[in-house]
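Chemist: Before I ask anything, let me first share the structure, which is written out below as structure tokens.
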Amino acid sequence: MSLGKIILCVLFLSQSVWAEGVPFQVSSSALNSQPSAPANSVENVDPETTLINDLKYLAVSNWLQSYLGSRYPQFDKYITPEFAEKYILDYKIARTNPSGGLDLVGHLDGDSLKKWIRLMESKTKGSNQIKPLLIVSSNLPGFKLSAEETASKMRDSSTIQLLAQLTQQPLQRLNTKLTPLDSSINIDSPPKSSSEIQSLSSIASRRGDTLVIWETFTNCAGCSSPRFDIFVYNTSTQNLAFVVGEDINLSQRDFSNSETVKRSLNPVFQQFQSALENAFSEGTIHDASYKIIFESVDSYRTLKVVENELSRGNGFSSPVFKKASGKSAEYEIKSSLTLEELAQRIQGINLSGLKPQISKVDSITLSVKLLK
């Protein structure tokens with residue numbers, strides 16, 4: 001059987017296992033001085049329940065240490081028994097220790113833990129990496145606004161001020177601050193075509209902005225209600241990251257009442273917060289897609305060593321297998337790094353006796369030879 005077919009078979013099996021979570025097994029003999037749940041949360045709880053909580057903590061902590069490697073210390077303060085409980089999918093108790101100890105066997109949610117890591121890293125980088133630009137436009141009768149008026153109108157429009165406030169709240173959780181557009185722009189409404197998105201991204205990139213948040217009120221002929229939408233663009237990858245919105249129950253006179261406007265728009269901003277955090281936790285908001293082609297792969301075992309090491313993450317997502325041919329295998333990864341930075345990270349990985357060497361860098365593709 002060829003390497004490609006072997007990889008496909010194992011990939012299918014591994015995905016089936018993954019759907020049930022990551023297996024773990026921990027023993028109370030390994031707890032030592034691991035922390036128990038906070039005292040105020042375990043009043044009247046029997047010792048065995050406390051011990052089980054500690055074992056859940058140990059399972060999640062062990063997985064995170066293995067996955068993060070040298071990056072684990074920066075996350076350690078967040079890992080508590082209460083935190084760990086959220087990521088345990090199932091478990092059972094094995095009483096195999098004559099001294100009265102316990103073994104815990106089960107599955108944890110590795111996928112959600114990876115999402116949490118990416119979100120925490122985004123919050124840590126904050127304004128050093130996330131620079132959002134706010135643009136507001138409207139074609140509503142009695143409330144018309146062109147995109148380039150965003151900053152100037154913010155000084156005297158309570159509605160624009162409210163929009164900025166509601167937008168800033170979820171961004172504050174990412175430790176970054178919104179900047180309103182204060183320059184001319186040759187686009188009248190949120191772009192949808194590739195060329196328009198590229199034009200908007202170029203304008204924002206020249207300003208140093210990494211995200212564009214375009215909020216717009218629209219009124220269409222025959223529609224019973226106006227509509228409010230939030231478009232979020234990634235300037236580095238020049239694409240529409242996501243859009244949320246819905247019809248709103250606002251009349252022209254309602255725009256003079258901030259509380260009425262806020263009540264109508266709150267559901268959309270709740271969608272915005274959820275979509276924004278999901279985009280960062282999924283690693284899709286800033287990441288560009290790259291291809292990595294591994295050459296000189298003599299066995300599936302060799303490739304698995306490479307894949308496991310790359311899955312630890314070092315500025316890029318876990319590799320997704322695409323295809324294999326002969327002694328080459330192609331993976332896709334996503335990263336906010338430049339291709340040159342990515343090449344340096346890949347070449348610096350320790351692969352248990354194998355030395356990765358970049359043989360070719362072409363647009364979005366890295367070719368990597370595995371030298372022994």
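Numbering starts fresh at 1 for the residues of each chain in the structure tokens, the chains themselves are lettered A, B, ... in the order given, and ligands are numbered from 1 as they appear.
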So which residues of region 138-222 of chain A fall under alpha helix (DSSP H) by DSSP, listed as number ranges by chain?
Modeler: A: 150-154, 158-172, 194-207
Chemist: Could you turn the residues from that selection into a file that holds N, CA and C atoms, as a compact mmCIF listing (two decimals), in the first residue's frame?
Modeler:
# COMPACT_ATOMS: atom_id res chain seq x y z
N THR A 150 -17.34 59.01 9.18
CA THR A 150 -17.41 58.26 10.44
C THR A 150 -16.83 59.04 11.62
N ALA A 151 -15.58 59.48 11.51
CA ALA A 151 -14.93 60.15 12.63
C ALA A 151 -15.57 61.51 12.93
N SER A 152 -15.87 62.28 11.88
CA SER A 152 -16.43 63.62 12.11
C SER A 152 -17.82 63.55 12.73
N LYS A 153 -18.66 62.61 12.28
CA LYS A 153 -20.00 62.47 12.83
C LYS A 153 -20.00 61.94 14.26
N MET A 154 -18.93 61.25 14.64
CA MET A 154 -18.87 60.69 15.98
C MET A 154 -18.86 61.78 17.04
N SER A 158 -25.15 60.94 18.59
CA SER A 158 -25.24 59.99 19.70
C SER A 158 -25.33 58.56 19.20
N THR A 159 -25.91 58.35 17.99
CA THR A 159 -26.01 57.01 17.43
C THR A 159 -24.64 56.46 17.06
N ILE A 160 -23.79 57.28 16.43
CA ILE A 160 -22.44 56.83 16.07
C ILE A 160 -21.61 56.58 17.32
N GLN A 161 -21.79 57.43 18.32
CA GLN A 161 -21.08 57.22 19.59
C GLN A 161 -21.50 55.90 20.23
N LEU A 162 -22.81 55.61 20.15
CA LEU A 162 -23.31 54.35 20.71
C LEU A 162 -22.75 53.15 19.96
N LEU A 163 -22.70 53.24 18.63
CA LEU A 163 -22.15 52.15 17.83
C LEU A 163 -20.69 51.89 18.22
N ALA A 164 -19.93 52.96 18.39
CA ALA A 164 -18.52 52.81 18.78
C ALA A 164 -18.40 52.15 20.15
N GLN A 165 -19.28 52.53 21.07
CA GLN A 165 -19.26 51.95 22.41
C GLN A 165 -19.59 50.47 22.39
N LEU A 166 -20.65 50.10 21.66
CA LEU A 166 -21.07 48.71 21.59
C LEU A 166 -20.03 47.84 20.87
N THR A 167 -19.34 48.42 19.89
CA THR A 167 -18.31 47.69 19.16
C THR A 167 -17.07 47.50 20.02
N GLN A 168 -16.76 48.53 20.83
CA GLN A 168 -15.55 48.49 21.65
C GLN A 168 -15.63 47.46 22.76
N GLN A 169 -16.82 47.19 23.26
CA GLN A 169 -16.94 46.29 24.42
C GLN A 169 -16.31 44.92 24.20
N PRO A 170 -16.66 44.19 23.11
CA PRO A 170 -15.99 42.89 22.90
C PRO A 170 -14.52 43.05 22.53
N LEU A 171 -14.16 44.17 21.89
CA LEU A 171 -12.75 44.39 21.54
C LEU A 171 -11.91 44.64 22.78
N GLN A 172 -12.54 45.24 23.81
CA GLN A 172 -11.84 45.49 25.06
C GLN A 172 -11.35 44.19 25.68
N SER A 194 -14.09 40.62 -4.71
CA SER A 194 -12.67 40.48 -4.33
C SER A 194 -11.90 41.76 -4.58
N SER A 195 -12.16 42.42 -5.71
CA SER A 195 -11.42 43.64 -6.04
C SER A 195 -11.73 44.76 -5.05
N GLU A 196 -13.01 44.89 -4.65
CA GLU A 196 -13.38 45.93 -3.69
C GLU A 196 -12.77 45.64 -2.31
N ILE A 197 -12.78 44.37 -1.91
CA ILE A 197 -12.19 44.00 -0.62
C ILE A 197 -10.69 44.27 -0.62
N GLN A 198 -10.03 43.97 -1.73
CA GLN A 198 -8.60 44.26 -1.84
C GLN A 198 -8.33 45.75 -1.75
N SER A 199 -9.19 46.55 -2.38
CA SER A 199 -9.04 48.00 -2.32
C SER A 199 -9.19 48.51 -0.89
N LEU A 200 -10.23 48.02 -0.18
CA LEU A 200 -10.44 48.41 1.21
C LEU A 200 -9.27 47.97 2.08
N SER A 201 -8.79 46.74 1.88
CA SER A 201 -7.67 46.21 2.66
C SER A 201 -6.41 47.04 2.45
N SER A 202 -6.19 47.48 1.22
CA SER A 202 -5.00 48.29 0.92
C SER A 202 -5.06 49.62 1.66
N ILE A 203 -6.25 50.24 1.66
CA ILE A 203 -6.42 51.51 2.37
C ILE A 203 -6.15 51.33 3.86
N ALA A 204 -6.74 50.27 4.44
CA ALA A 204 -6.57 50.02 5.87
C ALA A 204 -5.13 49.65 6.21
N SER A 205 -4.49 48.84 5.37
CA SER A 205 -3.12 48.41 5.63
C SER A 205 -2.15 49.59 5.65
N ARG A 206 -2.39 50.56 4.77
CA ARG A 206 -1.52 51.74 4.74
C ARG A 206 -1.63 52.53 6.04
N ARG A 207 -2.77 52.42 6.68
CA ARG A 207 -2.97 53.09 7.97
C ARG A 207 -2.41 52.26 9.13
Chemist: How close does each residue of region 122-217 of chain A get to region 226-240 of chain A, giving the shortest atom pair and distance in Å to one decimal for every residue with an atom at most 6 Å away, counting only C-alpha atoms, sorted by chain and residue number, as JSON lines?
Modeler:
{"residue": "A:Gln198", "atom": "CA", "partner": "A:Gln238", "partner_atom": "CA", "distance": 5.5}
{"residue": "A:Ser201", "atom": "CA", "partner": "A:Thr235", "partner_atom": "CA", "distance": 4.5}
{"residue": "A:Thr210", "atom": "CA", "partner": "A:Thr235", "partner_atom": "CA", "distance": 5.2}
{"residue": "A:Leu211", "atom": "CA", "partner": "A:Asn234", "partner_atom": "CA", "distance": 5.1}
{"residue": "A:Val212", "atom": "CA", "partner": "A:Tyr233", "partner_atom": "CA", "distance": 5.0}
{"residue": "A:Ile213", "atom": "CA", "partner": "A:Val232", "partner_atom": "CA", "distance": 4.6}
{"residue": "A:Trp214", "atom": "CA", "partner": "A:Phe231", "partner_atom": "CA", "distance": 5.1}
{"residue": "A:Glu215", "atom": "CA", "partner": "A:Ile230", "partner_atom": "CA", "distance": 4.5}
{"residue": "A:Thr216", "atom": "CA", "partner": "A:Asp229", "partner_atom": "CA", "distance": 5.5}
{"residue": "A:Phe217", "atom": "CA", "partner": "A:Phe228", "partner_atom": "CA", "distance": 4.7}
Chemist: Could you name the residues that touch Ile293 (chain A) at 8 Å or less, counting only C-alpha atoms, but leaving out those on the same chain fewer than 6 positions away, as a PyMOL selection string?
Modeler: chain A and resi 328-331+365-368
Chemist: Include C-alpha atoms and write out the residues we just selected as a PDB file, in the first residue's frame.
Modeler:
ATOM      1  CA  SER A 328       6.061  13.576  -0.497  1.00  0.00           C
ATOM      2  CA  ALA A 329       3.097  14.670   1.613  1.00  0.00           C
ATOM      3  CA  GLU A 330       1.229  17.966   1.502  1.00  0.00           C
ATOM      4  CA  TYR A 331      -0.354  19.701   4.490  1.00  0.00           C
ATOM      5  CA  THR A 365       4.110  27.149  -0.380  1.00  0.00           C
ATOM      6  CA  LEU A 366       7.010  25.794   1.661  1.00  0.00           C
ATOM      7  CA  SER A 367       8.864  22.706   0.470  1.00  0.00           C
ATOM      8  CA  VAL A 368      10.704  20.981   3.306  1.00  0.00           C
TER       9      VAL A 368
END
Chemist: Would you please extract all strand (DSSP E or B) residues from region 72-285 of chain A, as assigned by DSSP on the backbone, and give them as a PyMOL selection string?
Modeler: chain A and resi 88-94+103-108+132-140+143-145+179-180+211-218+227-234+239-247
Chemist: What is the distance between CA of Gly101 (chain A) and CA of Ser28 (chain A), in Å to one decimal?
Modeler: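 Answer for the CA of Gly101 (chain A) to CA of Ser28 (chain A) separation: 5.7 Å.
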Chemist: Would you mind reading off the distance between CA of Val26 (chain A) and CA of Leu58 (chain A), one decimal, in Å?
Modeler: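 Distance between the two atoms: 7.1 Å.
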Chemist: From the options A:Phe242, A:Phe280, A:Tyr57, A:Tyr300, which residue's atoms come nearest to Thr80 (chain A), counting only C-alpha atoms?
Modeler: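 Residue with the minimum atom-to-atom distance to Thr80 (chain A): A:Tyr57.
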Chemist: Point out the residue among A:Asn186, A:Thr179, A:Gln347, A:Ser224 with the least atom-to-atom distance to Gly208 (chain A), counting only C-alpha atoms.
Modeler: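 Counting only C-alpha atoms, the residue closest to Gly208 (chain A) is A:Thr179.
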Chemist: What's the 10 Å shell around Asn350 (chain A), counting only C-alpha atoms, without same-chain residues fewer than 6 positions away, as a list of chain:residue names?
Modeler: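 The residues satisfying every condition are A:Val306, A:Glu309, A:Leu310, A:Pro356.
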Chemist: Only C-alpha atoms, please: the residues just picked out, written as a PDB file, in the first residue's frame.
Modeler:
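Saved as again.pdb:
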ATOM      1  CA  VAL A 306       6.654  15.631  11.957  1.00  0.00           C
ATOM      2  CA  GLU A 309       5.620  18.204  16.490  1.00  0.00           C
ATOM      3  CA  LEU A 310       3.881  20.695  14.219  1.00  0.00           C
ATOM      4  CA  PRO A 356      13.957  19.981   8.392  1.00  0.00           C
TER       5      PRO A 356
END
Chemist: So the first atom is CA of Phe272 (chain A) and the second is CA of Ala241 (chain A); what is the distance between them in Å, to one decimal place?
Modeler: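 Between CA of Phe272 (chain A) and CA of Ala241 (chain A) the gap works out to 11.7 Å.
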Chemist: Restricting the calculation to only C-alpha atoms, which member of A:Gln252, A:Ser184, A:Gln357, A:Ser27 is positioned closest to Asp103 (chain A)?
Modeler: A:Ser27
